[in-house]
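Visitor: Just one file: run.cif, with mmCIF, C-alpha atoms and all ligand atoms.
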```cif
data_target
loop_
_atom_site.group_PDB
_atom_site.id
_atom_site.type_symbol
_atom_site.label_atom_id
_atom_site.label_comp_id
_atom_site.auth_asym_id
_atom_site.auth_seq_id
_atom_site.Cartn_x
_atom_site.Cartn_y
_atom_site.Cartn_z
ATOM 1 C CA MET K 1 -67.554 -112.849 -31.332
ATOM 2 C CA GLU K 2 -65.016 -110.279 -30.110
ATOM 3 C CA PRO K 3 -66.502 -108.139 -27.315
ATOM 4 C CA VAL K 4 -65.828 -104.921 -29.270
ATOM 5 C CA THR K 5 -67.440 -106.313 -32.416
ATOM 6 C CA ALA K 6 -70.540 -107.252 -30.456
ATOM 7 C CA LEU K 7 -70.563 -103.824 -28.841
ATOM 8 C CA ALA K 8 -70.290 -102.111 -32.237
ATOM 9 C CA GLN K 9 -73.097 -104.270 -33.555
ATOM 10 C CA LEU K 10 -75.353 -103.198 -30.696
ATOM 11 C CA LEU K 11 -74.555 -99.499 -31.095
ATOM 12 C CA SER K 12 -74.281 -99.217 -34.872
ATOM 13 C CA GLY K 13 -76.704 -96.747 -36.452
ATOM 14 C CA ARG K 14 -77.632 -95.250 -33.087
ATOM 15 C CA ARG K 15 -76.722 -91.776 -31.862
ATOM 16 C CA LEU K 16 -74.956 -92.271 -28.554
ATOM 17 C CA PHE K 17 -75.459 -90.617 -25.189
ATOM 18 C CA VAL K 18 -72.074 -91.011 -23.483
ATOM 19 C CA LEU K 19 -71.733 -90.907 -19.712
ATOM 20 C CA VAL K 20 -68.136 -90.760 -18.482
ATOM 21 C CA GLY K 21 -66.512 -91.396 -15.102
ATOM 22 C CA ALA K 22 -63.100 -91.328 -13.478
ATOM 23 C CA GLY K 23 -62.035 -94.594 -15.174
ATOM 24 C CA CYS K 24 -61.722 -92.702 -18.465
ATOM 25 C CA SER K 25 -58.875 -90.628 -16.999
ATOM 26 C CA THR K 26 -56.840 -93.246 -15.112
ATOM 27 C CA GLU K 27 -54.775 -93.878 -18.265
ATOM 28 C CA SER K 28 -53.943 -90.158 -18.169
ATOM 29 C CA GLY K 29 -52.429 -90.640 -14.715
ATOM 30 C CA ILE K 30 -55.352 -89.383 -12.645
ATOM 31 C CA PRO K 31 -56.466 -92.071 -10.207
ATOM 32 C CA ASP K 32 -60.135 -92.884 -9.703
ATOM 33 C CA TYR K 33 -61.490 -93.059 -6.168
ATOM 34 C CA ARG K 34 -62.384 -96.681 -5.957
ATOM 35 C CA SER K 35 -59.183 -98.195 -7.299
ATOM 36 C CA SER K 36 -56.819 -95.672 -5.721
ATOM 37 C CA GLY K 37 -57.123 -97.145 -2.240
ATOM 38 C CA ILE K 38 -57.808 -93.741 -0.704
ATOM 39 C CA THR K 39 -59.943 -94.189 2.344
ATOM 40 C CA ARG K 40 -60.095 -90.604 3.557
ATOM 41 C CA PRO K 41 -63.734 -89.444 3.462
ATOM 42 C CA PRO K 42 -64.667 -87.106 0.606
ATOM 43 C CA LEU K 43 -64.661 -83.387 1.079
ATOM 44 C CA GLU K 44 -68.057 -82.235 2.286
ATOM 45 C CA HIS K 45 -69.593 -79.113 0.885
ATOM 46 C CA ARG K 46 -71.106 -78.067 4.209
ATOM 47 C CA ALA K 47 -67.832 -78.419 6.125
ATOM 48 C CA PHE K 48 -65.945 -76.516 3.429
ATOM 49 C CA VAL K 49 -68.386 -73.599 3.613
ATOM 50 C CA ALA K 50 -68.621 -73.555 7.413
ATOM 51 C CA ASP K 51 -65.080 -74.202 8.604
ATOM 52 C CA PRO K 52 -61.983 -72.105 7.776
ATOM 53 C CA ALA K 53 -59.747 -74.960 8.984
ATOM 54 C CA VAL K 54 -61.317 -77.297 6.406
ATOM 55 C CA ARG K 55 -60.649 -74.722 3.702
ATOM 56 C CA ARG K 56 -57.033 -74.276 4.803
ATOM 57 C CA ARG K 57 -56.591 -78.001 4.645
ATOM 58 C CA TYR K 58 -58.228 -78.228 1.231
ATOM 59 C CA TRP K 59 -56.178 -75.450 -0.347
ATOM 60 C CA SER K 60 -52.865 -76.621 1.071
ATOM 61 C CA ARG K 61 -53.488 -80.122 -0.291
ATOM 62 C CA SER K 62 -54.883 -78.816 -3.538
ATOM 63 C CA PHE K 63 -51.788 -76.649 -3.957
ATOM 64 C CA ALA K 64 -49.757 -79.846 -3.918
ATOM 65 C CA GLY K 65 -52.158 -81.866 -6.095
ATOM 66 C CA TRP K 66 -52.993 -79.330 -8.794
ATOM 67 C CA PRO K 67 -49.788 -79.562 -10.881
ATOM 68 C CA ARG K 68 -50.442 -83.228 -11.585
ATOM 69 C CA ILE K 69 -53.976 -82.522 -12.812
ATOM 70 C CA ALA K 70 -52.907 -79.451 -14.786
ATOM 71 C CA ARG K 71 -50.170 -81.493 -16.515
ATOM 72 C CA ALA K 72 -52.399 -84.436 -17.435
ATOM 73 C CA GLN K 73 -52.978 -85.122 -21.133
ATOM 74 C CA PRO K 74 -56.011 -86.735 -22.752
ATOM 75 C CA ASN K 75 -55.635 -90.417 -23.664
ATOM 76 C CA PRO K 76 -56.987 -92.459 -26.604
ATOM 77 C CA ALA K 77 -60.363 -92.895 -24.842
ATOM 78 C CA HIS K 78 -60.919 -89.118 -24.671
ATOM 79 C CA ARG K 79 -59.817 -88.779 -28.301
ATOM 80 C CA ALA K 80 -62.137 -91.568 -29.462
ATOM 81 C CA LEU K 81 -65.099 -89.815 -27.805
ATOM 82 C CA ALA K 82 -64.162 -86.563 -29.544
ATOM 83 C CA ALA K 83 -63.930 -88.436 -32.867
ATOM 84 C CA LEU K 84 -67.377 -90.004 -32.342
ATOM 85 C CA GLU K 85 -68.807 -86.554 -31.633
ATOM 86 C CA ARG K 86 -67.154 -84.992 -34.706
ATOM 87 C CA ALA K 87 -68.558 -87.789 -36.857
ATOM 88 C CA GLY K 88 -72.061 -87.138 -35.513
ATOM 89 C CA LEU K 89 -72.214 -90.661 -34.059
ATOM 90 C CA ALA K 90 -72.311 -89.492 -30.437
ATOM 91 C CA HIS K 91 -73.387 -86.409 -28.571
ATOM 92 C CA GLY K 92 -70.741 -84.558 -26.589
ATOM 93 C CA PRO K 93 -69.865 -86.445 -23.395
ATOM 94 C CA VAL K 94 -71.765 -85.977 -20.152
ATOM 95 C CA THR K 95 -68.929 -86.362 -17.687
ATOM 96 C CA GLN K 96 -68.560 -86.754 -13.955
ATOM 97 C CA ASN K 97 -64.889 -85.846 -14.291
ATOM 98 C CA VAL K 98 -63.545 -82.493 -13.198
ATOM 99 C CA ASP K 99 -60.170 -82.698 -14.981
ATOM 100 C CA GLY K 100 -61.063 -80.922 -18.248
ATOM 101 C CA LEU K 101 -59.555 -83.672 -20.421
ATOM 102 C CA HIS K 102 -62.550 -83.913 -22.789
ATOM 103 C CA HIS K 103 -62.034 -80.319 -23.838
ATOM 104 C CA ALA K 104 -58.316 -80.963 -24.210
ATOM 105 C CA ALA K 105 -59.099 -83.914 -26.508
ATOM 106 C CA GLY K 106 -61.306 -81.785 -28.760
ATOM 107 C CA SER K 107 -64.792 -82.655 -27.531
ATOM 108 C CA LEU K 108 -67.004 -79.655 -28.200
ATOM 109 C CA ASP K 109 -70.296 -80.024 -26.392
ATOM 110 C CA VAL K 110 -69.199 -81.307 -22.980
ATOM 111 C CA ILE K 111 -71.547 -81.318 -19.984
ATOM 112 C CA GLU K 112 -69.417 -81.298 -16.818
ATOM 113 C CA LEU K 113 -71.924 -82.564 -14.261
ATOM 114 C CA HIS K 114 -69.578 -82.068 -11.319
ATOM 115 C CA GLY K 115 -67.944 -78.867 -12.497
ATOM 116 C CA ALA K 116 -64.279 -78.323 -13.273
ATOM 117 C CA LEU K 117 -61.133 -77.852 -11.243
ATOM 118 C CA ARG K 118 -59.733 -75.308 -13.727
ATOM 119 C CA GLU K 119 -61.994 -72.653 -12.192
ATOM 120 C CA VAL K 120 -62.507 -71.220 -8.740
ATOM 121 C CA VAL K 121 -65.683 -69.437 -7.680
ATOM 122 C CA CYS K 122 -66.354 -66.904 -4.907
ATOM 123 C CA LEU K 123 -69.088 -68.118 -2.550
ATOM 124 C CA ASP K 124 -69.922 -64.519 -1.646
ATOM 125 C CA CYS K 125 -70.111 -62.634 -4.964
ATOM 126 C CA GLY K 126 -69.934 -65.389 -7.611
ATOM 127 C CA ALA K 127 -66.772 -64.028 -9.268
ATOM 128 C CA ARG K 128 -64.725 -66.653 -11.101
ATOM 129 C CA GLU K 129 -60.975 -66.973 -11.390
ATOM 130 C CA GLY K 130 -58.716 -69.479 -13.122
ATOM 131 C CA ARG K 131 -57.170 -72.156 -10.925
ATOM 132 C CA ASP K 132 -53.678 -71.432 -12.268
ATOM 133 C CA ALA K 133 -53.939 -67.821 -11.076
ATOM 134 C CA VAL K 134 -55.028 -68.995 -7.634
ATOM 135 C CA GLN K 135 -52.053 -71.387 -7.585
ATOM 136 C CA ASP K 136 -49.736 -68.421 -8.136
ATOM 137 C CA ARG K 137 -51.456 -66.443 -5.383
ATOM 138 C CA ILE K 138 -51.151 -69.342 -2.926
ATOM 139 C CA ALA K 139 -47.434 -69.590 -3.726
ATOM 140 C CA ALA K 140 -46.975 -65.842 -3.174
ATOM 141 C CA LEU K 141 -48.879 -65.930 0.124
ATOM 142 C CA ASN K 142 -46.996 -68.988 1.394
ATOM 143 C CA PRO K 143 -43.362 -68.636 0.395
ATOM 144 C CA ALA K 144 -42.362 -71.539 2.641
ATOM 145 C CA LEU K 145 -44.363 -73.936 0.430
ATOM 146 C CA ARG K 146 -42.561 -74.928 -2.739
ATOM 147 C CA PRO K 147 -44.821 -75.735 -5.721
ATOM 148 C CA SER K 148 -42.421 -78.534 -6.672
ATOM 149 C CA ASP K 149 -43.627 -80.315 -3.549
ATOM 150 C CA GLY K 150 -46.775 -81.049 -5.527
ATOM 151 C CA GLU K 151 -44.861 -83.024 -8.142
ATOM 152 C CA VAL K 152 -44.105 -85.773 -5.677
ATOM 153 C CA ALA K 153 -47.141 -85.583 -3.433
ATOM 154 C CA PRO K 154 -49.620 -88.441 -3.725
ATOM 155 C CA SER K 155 -52.585 -86.975 -5.530
ATOM 156 C CA ARG K 156 -56.290 -87.397 -5.132
ATOM 157 C CA PRO K 157 -58.573 -87.117 -8.131
ATOM 158 C CA ASP K 158 -60.206 -83.968 -6.821
ATOM 159 C CA GLY K 159 -56.797 -82.309 -6.549
ATOM 160 C CA ASP K 160 -56.563 -82.984 -2.848
ATOM 161 C CA ALA K 161 -53.161 -84.351 -1.814
ATOM 162 C CA ALA K 162 -50.941 -84.748 1.173
ATOM 163 C CA VAL K 163 -48.740 -81.720 1.705
ATOM 164 C CA VAL K 164 -45.079 -82.565 1.956
ATOM 165 C CA GLY K 165 -43.769 -79.030 2.427
ATOM 166 C CA THR K 166 -42.816 -77.435 5.688
ATOM 167 C CA LEU K 167 -46.403 -76.372 6.367
ATOM 168 C CA SER K 168 -49.091 -78.925 7.079
ATOM 169 C CA GLY K 169 -52.632 -78.557 5.856
ATOM 170 C CA ASP K 170 -53.815 -78.081 9.399
ATOM 171 C CA ASP K 171 -51.242 -75.436 10.117
ATOM 172 C CA ALA K 172 -53.025 -72.231 11.042
ATOM 173 C CA SER K 173 -50.241 -70.324 9.337
ATOM 174 C CA PHE K 174 -51.219 -71.504 5.843
ATOM 175 C CA ALA K 175 -52.664 -68.428 4.150
ATOM 176 C CA VAL K 176 -55.751 -69.034 1.982
ATOM 177 C CA PRO K 177 -56.321 -66.519 -0.816
ATOM 178 C CA GLY K 178 -59.623 -64.648 -0.885
ATOM 179 C CA CYS K 179 -61.754 -63.355 -3.754
ATOM 180 C CA LEU K 180 -59.969 -60.608 -5.702
ATOM 181 C CA ARG K 181 -63.208 -58.697 -6.101
ATOM 182 C CA CYS K 182 -64.788 -58.842 -2.640
ATOM 183 C CA GLY K 183 -62.352 -60.672 -0.372
ATOM 184 C CA GLY K 184 -64.913 -63.463 0.019
ATOM 185 C CA VAL K 185 -64.482 -67.227 0.347
ATOM 186 C CA LEU K 186 -63.133 -69.111 -2.686
ATOM 187 C CA LYS K 187 -64.200 -72.626 -3.598
ATOM 188 C CA PRO K 188 -63.095 -74.838 -6.496
ATOM 189 C CA ALA K 189 -65.902 -74.819 -9.083
ATOM 190 C CA VAL K 190 -66.759 -78.450 -8.442
ATOM 191 C CA VAL K 191 -69.696 -80.194 -6.843
ATOM 192 C CA MET K 192 -68.524 -81.482 -3.476
ATOM 193 C CA PHE K 193 -70.068 -84.310 -1.506
ATOM 194 C CA GLY K 194 -73.472 -83.287 -0.103
ATOM 195 C CA ASP K 195 -73.980 -80.587 -2.723
ATOM 196 C CA ASN K 196 -76.277 -80.965 -5.729
ATOM 197 C CA VAL K 197 -75.550 -80.929 -9.435
ATOM 198 C CA PRO K 198 -77.092 -77.660 -10.714
ATOM 199 C CA LYS K 199 -80.588 -78.364 -12.051
ATOM 200 C CA PRO K 200 -80.062 -76.782 -15.489
ATOM 201 C CA LEU K 201 -77.116 -79.144 -16.074
ATOM 202 C CA VAL K 202 -79.179 -82.189 -15.132
ATOM 203 C CA GLU K 203 -81.973 -81.017 -17.427
ATOM 204 C CA ALA K 204 -79.559 -80.413 -20.314
ATOM 205 C CA ALA K 205 -78.166 -83.909 -19.826
ATOM 206 C CA TYR K 206 -81.670 -85.440 -19.753
ATOM 207 C CA ALA K 207 -82.542 -83.548 -22.945
ATOM 208 C CA ARG K 208 -79.421 -85.002 -24.565
ATOM 209 C CA LEU K 209 -80.429 -88.468 -23.417
ATOM 210 C CA ASP K 210 -83.913 -88.019 -24.874
ATOM 211 C CA ALA K 211 -82.315 -87.126 -28.223
ATOM 212 C CA SER K 212 -80.208 -90.313 -28.205
ATOM 213 C CA ASP K 213 -80.754 -93.901 -29.339
ATOM 214 C CA ALA K 214 -78.387 -95.678 -26.949
ATOM 215 C CA VAL K 215 -76.444 -95.096 -23.744
ATOM 216 C CA LEU K 216 -72.705 -95.758 -23.482
ATOM 217 C CA VAL K 217 -71.119 -95.656 -20.024
ATOM 218 C CA VAL K 218 -67.320 -95.266 -19.925
ATOM 219 C CA GLY K 219 -65.205 -95.830 -16.812
ATOM 220 C CA SER K 220 -67.706 -95.265 -14.058
ATOM 221 C CA SER K 221 -68.776 -97.549 -11.240
ATOM 222 C CA LEU K 222 -72.035 -95.523 -11.228
ATOM 223 C CA THR K 223 -71.995 -95.730 -7.452
ATOM 224 C CA VAL K 224 -72.862 -92.048 -7.328
ATOM 225 C CA PHE K 225 -76.537 -91.428 -8.096
ATOM 226 C CA SER K 226 -75.813 -88.339 -10.177
ATOM 227 C CA GLY K 227 -74.354 -90.632 -12.843
ATOM 228 C CA TYR K 228 -76.463 -93.732 -12.265
ATOM 229 C CA ARG K 229 -79.744 -91.897 -12.940
ATOM 230 C CA PHE K 230 -78.844 -91.489 -16.627
ATOM 231 C CA ALA K 231 -78.293 -95.198 -17.160
ATOM 232 C CA LYS K 232 -81.557 -95.836 -15.320
ATOM 233 C CA ARG K 233 -83.509 -93.327 -17.394
ATOM 234 C CA GLY K 234 -82.020 -94.723 -20.602
ATOM 235 C CA ALA K 235 -83.131 -98.226 -19.651
ATOM 236 C CA GLU K 236 -86.583 -96.942 -18.696
ATOM 237 C CA ARG K 237 -86.875 -95.356 -22.154
ATOM 238 C CA GLY K 238 -86.036 -98.688 -23.747
ATOM 239 C CA LEU K 239 -82.602 -97.581 -25.008
ATOM 240 C CA PRO K 240 -79.853 -100.182 -25.056
ATOM 241 C CA VAL K 241 -77.326 -99.466 -22.301
ATOM 242 C CA ALA K 242 -73.707 -100.454 -22.983
ATOM 243 C CA ILE K 243 -70.956 -100.279 -20.370
ATOM 244 C CA VAL K 244 -67.188 -100.179 -20.881
ATOM 245 C CA ASN K 245 -65.608 -100.470 -17.456
ATOM 246 C CA ARG K 246 -63.015 -102.442 -15.577
ATOM 247 C CA GLY K 247 -64.990 -104.333 -13.001
ATOM 248 C CA PRO K 248 -68.666 -104.278 -12.106
ATOM 249 C CA THR K 249 -70.959 -101.249 -12.019
ATOM 250 C CA ARG K 250 -74.253 -100.505 -10.349
ATOM 251 C CA ALA K 251 -75.985 -100.463 -13.755
ATOM 252 C CA ASP K 252 -74.804 -103.897 -14.926
ATOM 253 C CA PRO K 253 -78.280 -105.385 -14.343
ATOM 254 C CA LEU K 254 -79.716 -102.756 -16.750
ATOM 255 C CA ALA K 255 -77.098 -103.267 -19.446
ATOM 256 C CA ALA K 256 -77.631 -104.891 -22.819
ATOM 257 C CA ARG K 257 -73.856 -105.391 -23.007
ATOM 258 C CA THR K 258 -70.878 -104.874 -20.712
ATOM 259 C CA VAL K 259 -67.252 -104.900 -21.813
ATOM 260 C CA ASP K 260 -64.704 -105.382 -19.037
ATOM 261 C CA GLY K 261 -61.669 -103.643 -20.498
ATOM 262 C CA MET K 262 -59.473 -100.572 -20.634
ATOM 263 C CA ALA K 263 -61.274 -97.530 -21.972
ATOM 264 C CA GLY K 264 -58.121 -96.423 -23.811
ATOM 265 C CA THR K 265 -58.117 -99.664 -25.792
ATOM 266 C CA VAL K 266 -61.813 -100.436 -26.201
ATOM 267 C CA LEU K 267 -63.040 -96.967 -27.224
ATOM 268 C CA PRO K 268 -60.671 -96.368 -30.160
ATOM 269 C CA ALA K 269 -61.556 -99.847 -31.463
ATOM 270 C CA LEU K 270 -65.258 -99.152 -31.014
ATOM 271 C CA ALA K 271 -65.068 -95.743 -32.690
ATOM 272 C CA ALA K 272 -63.162 -97.240 -35.621
ATOM 273 C CA ALA K 273 -65.687 -100.084 -35.929
ATOM 274 C CA LEU K 274 -68.527 -97.551 -35.959
ATOM 275 C CA GLY K 275 -66.750 -95.642 -38.717
ATOM 276 C CA ALA K 276 -65.590 -92.477 -36.924
ATOM 277 C CA PRO K 277 -62.605 -91.009 -38.808
ATOM 278 C CA GLY K 278 -59.588 -90.145 -36.679
ATOM 279 C CA ALA K 279 -60.671 -92.534 -33.939
ATOM 280 C CA SER K 280 -57.332 -94.278 -33.634
ATOM 281 C CA ALA K 281 -53.764 -93.042 -33.680
ATOM 282 C CA ASP K 282 -52.953 -94.744 -37.016
ATOM 283 C CA ASP K 283 -55.936 -93.163 -38.797
ATOM 284 C CA PRO K 284 -55.085 -90.433 -41.289
HETATM 285 P P1 LIG K 301 -65.404 -94.416 -9.712
HETATM 286 O O1 LIG K 301 -64.048 -94.258 -9.093
HETATM 287 O O2 LIG K 301 -66.549 -94.740 -8.854
HETATM 288 O O3 LIG K 301 -65.379 -95.543 -10.833
HETATM 289 C C1 LIG K 301 -64.360 -95.627 -11.775
HETATM 290 C C2 LIG K 301 -64.493 -96.983 -12.468
HETATM 291 O O4 LIG K 301 -63.611 -96.995 -13.581
HETATM 292 C C3 LIG K 301 -64.108 -98.157 -11.579
HETATM 293 O O5 LIG K 301 -65.092 -99.157 -11.673
HETATM 294 C C4 LIG K 301 -62.789 -98.641 -12.192
HETATM 295 O O6 LIG K 301 -62.604 -100.029 -12.067
HETATM 296 C C5 LIG K 301 -62.959 -98.234 -13.620
HETATM 297 N N1 LIG K 301 -61.714 -98.012 -14.348
HETATM 298 C C6 LIG K 301 -60.529 -97.531 -13.877
HETATM 299 N N2 LIG K 301 -59.650 -97.390 -14.875
HETATM 300 C C7 LIG K 301 -60.276 -97.800 -16.004
HETATM 301 C C8 LIG K 301 -59.877 -97.878 -17.362
HETATM 302 N N3 LIG K 301 -58.648 -97.539 -17.770
HETATM 303 N N4 LIG K 301 -60.779 -98.320 -18.278
HETATM 304 C C9 LIG K 301 -62.020 -98.688 -17.891
HETATM 305 N N5 LIG K 301 -62.446 -98.645 -16.611
HETATM 306 C C10 LIG K 301 -61.586 -98.188 -15.683
HETATM 307 O O7 LIG K 301 -65.614 -93.088 -10.556
HETATM 308 P P2 LIG K 301 -66.962 -92.323 -10.866
HETATM 309 O O8 LIG K 301 -68.042 -93.293 -11.122
HETATM 310 O O9 LIG K 301 -66.612 -91.321 -11.879
HETATM 311 O O10 LIG K 301 -67.311 -91.588 -9.492
HETATM 312 C C11 LIG K 301 -66.295 -90.904 -8.773
HETATM 313 C C12 LIG K 301 -66.628 -89.469 -8.400
HETATM 314 O O11 LIG K 301 -65.402 -88.770 -8.127
HETATM 315 C C13 LIG K 301 -67.279 -88.706 -9.490
HETATM 316 O O12 LIG K 301 -68.311 -88.028 -8.884
HETATM 317 C C14 LIG K 301 -66.219 -87.719 -10.024
HETATM 318 O O13 LIG K 301 -66.742 -86.401 -10.068
HETATM 319 C C15 LIG K 301 -65.117 -87.713 -9.029
HETATM 320 N N6 LIG K 301 -63.788 -87.980 -9.635
HETATM 321 C C16 LIG K 301 -63.328 -87.287 -10.731
HETATM 322 C C17 LIG K 301 -62.097 -87.620 -11.302
HETATM 323 C C18 LIG K 301 -61.579 -86.885 -12.522
HETATM 324 O O14 LIG K 301 -61.989 -85.782 -12.799
HETATM 325 N N7 LIG K 301 -60.665 -87.516 -13.302
HETATM 326 C C19 LIG K 301 -61.353 -88.650 -10.766
HETATM 327 C C20 LIG K 301 -61.854 -89.335 -9.654
HETATM 328 C C21 LIG K 301 -63.066 -88.986 -9.106
HETATM 329 ZN ZN ZN K 302 -66.193 -62.313 -4.261
#
```
Now that the file is in, can you turn its structure into structure tokens?
Guide:
Amino acid sequence: MEPVTALAQLLSGRRLFVLVGAGCSTESGIPDYRSSGITRPPLEHRAFVADPAVRRRYWSRSFAGWPRIARAQPNPAHRALAALERAGLAHGPVTQNVDGLHHAAGSLDVIELHGALREVVCLDCGAREGRDAVQDRIAALNPALRPSDGEVAPSRPDGDAAVVGTLSGDDASFAVPGCLRCGGVLKPAVVMFGDNVPKPLVEAAYARLDASDAVLVVGSSLTVFSGYRFAKRGAERGLPVAIVNRGPTRADPLAARTVDGMAGTVLPALAAALGAPGASADDP
């Protein structure tokens, strides 16, 4: 039997809990960590909060990396998940991605476990500001940096990238914008390494899992515990766990079925097989 047919057979008639990782967005041009060959250690929350030099480095790299993320478009995998949700066959995705592409694809009830790069939050007063506005402020504060530099800079999934302008990320002359309300320290509204996913989000995701009949993992190695725990809990509840991922994942031993394939190919086929209208590009 075709892998997708077998997958559809397993999941048919069950409301899906969908857990998404970086592999869902690689076909939109945003690299995942594990296949991108980036060896630089992840950005640590504690260092970001404590060290102005770390923040300068982050924002100068993020200035270069943001245009690529902001330009990215959802791919057929994102659209298939939105179609499954619209058809009532799946809950809105619980995603580890910070790129906002589920919203762009039309998913309605998205849980962004690790936050979103489109927003920036003040660590001192909690004020929020759009990332695009901060991009403009960085450009105004640092006229020697050209935003077009970002178009060619190698990008990291979290928007971090090597700066190729005349200023380096470590250059003390890079000016970091502060909070418009209180002048405080700005941070992208994402969960950095060493920080925790906010408890209410985890609880909302568990509640969604408990209202589901199967777990579908899309494009995640599940190396990070914050994603893995949902596959584990699903298996503990006796729900079938299905995984669509290129390569192995930490939850393979728990899975009733794994499909090693491209999310952008497998998901539209799955959604169509499950009967979700609008799941593939040739659907009316
Ligand atoms: P990961 O990098 O650990 O795993 C991604 C998996 O997807 C890999 O096993 C890879 O082989 C697979 N994959 C790549 N392209 C695929 C495709 N087209 N179809 C199917 N599978 C594909 O990612 P993760 O598990 O999400 O953990 C990484 C962490 O980094 C997360 O915490 C996330 O917040 C963050 N992150 C976010 C983004 C984003 O927002 N797009 C990108 C990278 C990393
Ligand atoms: Zn503030």
Visitor: Report, in Å to a single decimal, how far apart CA of Val241 in chain K and CA of Ala255 in chain K are.
Guide: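 Spanning CA of Ala255 in chain K to CA of Val241 in chain K is a straight-line distance of 4.8 Å.
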Visitor: Going by the chain IDs and residue numbers used in this file, which residues fall under the PyMOL selection byres (((chain K and resi 122) around 7) and not hetatm)? Write them as a VMD selection string.
Guide: chain K and resid 120 to 121 123 to 128 179 184 to 187
Visitor: What does the PyMOL selection byres (((not hetatm)) within 7 of (chain K and resi 301)) select in this file, as number ranges by chain?
Guide: K: 20-27, 30-35, 96-99, 114, 157-158, 218-224, 244-249, 261-264
Visitor: Can those selected residues be exported to a file as a short mmCIF file (atom, residue, chain, number, x, y, z; two decimals), in the frame of the given file so that it contains C-alpha atoms?
Guide:
```cif
data_model
loop_
_atom_site.label_atom_id
_atom_site.label_comp_id
_atom_site.auth_asym_id
_atom_site.auth_seq_id
_atom_site.Cartn_x
_atom_site.Cartn_y
_atom_site.Cartn_z
CA VAL K 20 -68.14 -90.76 -18.48
CA GLY K 21 -66.51 -91.40 -15.10
CA ALA K 22 -63.10 -91.33 -13.48
CA GLY K 23 -62.04 -94.59 -15.17
CA CYS K 24 -61.72 -92.70 -18.46
CA SER K 25 -58.88 -90.63 -17.00
CA THR K 26 -56.84 -93.25 -15.11
CA GLU K 27 -54.78 -93.88 -18.26
CA ILE K 30 -55.35 -89.38 -12.64
CA PRO K 31 -56.47 -92.07 -10.21
CA ASP K 32 -60.14 -92.88 -9.70
CA TYR K 33 -61.49 -93.06 -6.17
CA ARG K 34 -62.38 -96.68 -5.96
CA SER K 35 -59.18 -98.20 -7.30
CA GLN K 96 -68.56 -86.75 -13.96
CA ASN K 97 -64.89 -85.85 -14.29
CA VAL K 98 -63.54 -82.49 -13.20
CA ASP K 99 -60.17 -82.70 -14.98
CA HIS K 114 -69.58 -82.07 -11.32
CA PRO K 157 -58.57 -87.12 -8.13
CA ASP K 158 -60.21 -83.97 -6.82
CA VAL K 218 -67.32 -95.27 -19.92
CA GLY K 219 -65.20 -95.83 -16.81
CA SER K 220 -67.71 -95.26 -14.06
CA SER K 221 -68.78 -97.55 -11.24
CA LEU K 222 -72.04 -95.52 -11.23
CA THR K 223 -72.00 -95.73 -7.45
CA VAL K 224 -72.86 -92.05 -7.33
CA VAL K 244 -67.19 -100.18 -20.88
CA ASN K 245 -65.61 -100.47 -17.46
CA ARG K 246 -63.02 -102.44 -15.58
CA GLY K 247 -64.99 -104.33 -13.00
CA PRO K 248 -68.67 -104.28 -12.11
CA THR K 249 -70.96 -101.25 -12.02
CA GLY K 261 -61.67 -103.64 -20.50
CA MET K 262 -59.47 -100.57 -20.63
CA ALA K 263 -61.27 -97.53 -21.97
CA GLY K 264 -58.12 -96.42 -23.81
#
```
Visitor: So what do you get for CA of Ala80 in chain K versus CA of Ala276 in chain K, distance-wise?
Guide: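 Between CA of Ala80 in chain K and CA of Ala276 in chain K the gap works out to 8.3 Å.
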Visitor: So the first atom is CA of Ser62 in chain K and the second is CA of Pro200 in chain K; what is the distance between them in Å, to one decimal place?
Guide: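 Calculated distance between CA of Ser62 in chain K and CA of Pro200 in chain K is 27.9 Å.
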Visitor: I want to know what sits within 9 Å of Ala273 in chain K, based on all atoms listed in the file, with residues of the same chain fewer than 5 positions away left out; could you give that as a tab-separated table (two decimals) with C-alpha atoms, in the coordinates of the input?
Guide:
```
chain	number	residue	atom	x	y	z
K	4	VAL	CA	-65.83	-104.92	-29.27
K	5	THR	CA	-67.44	-106.31	-32.42
K	8	ALA	CA	-70.29	-102.11	-32.24
K	9	GLN	CA	-73.10	-104.27	-33.56
K	12	SER	CA	-74.28	-99.22	-34.87
K	268	PRO	CA	-60.67	-96.37	-30.16
```
Visitor: Counting all atoms listed in the file, which residue out of K:Pro277, K:Pro93, K:Gly238, K:Gly65 sits closest to His78 in chain K?
Guide: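 Of the candidates, the smallest distance to His78 in chain K is held by K:Pro93.
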Visitor: Considering all atoms listed in the file, return as a list in words whatever protein or nucleic-acid residues lie within 9 Å of range 136-141 of chain K, sequence-local ones (same chain, fewer than 6 positions apart) excluded.
Guide: Trp59, Ser60, Phe63, Pro147, Phe174, Ala175, Val176 and Pro177 of chain K
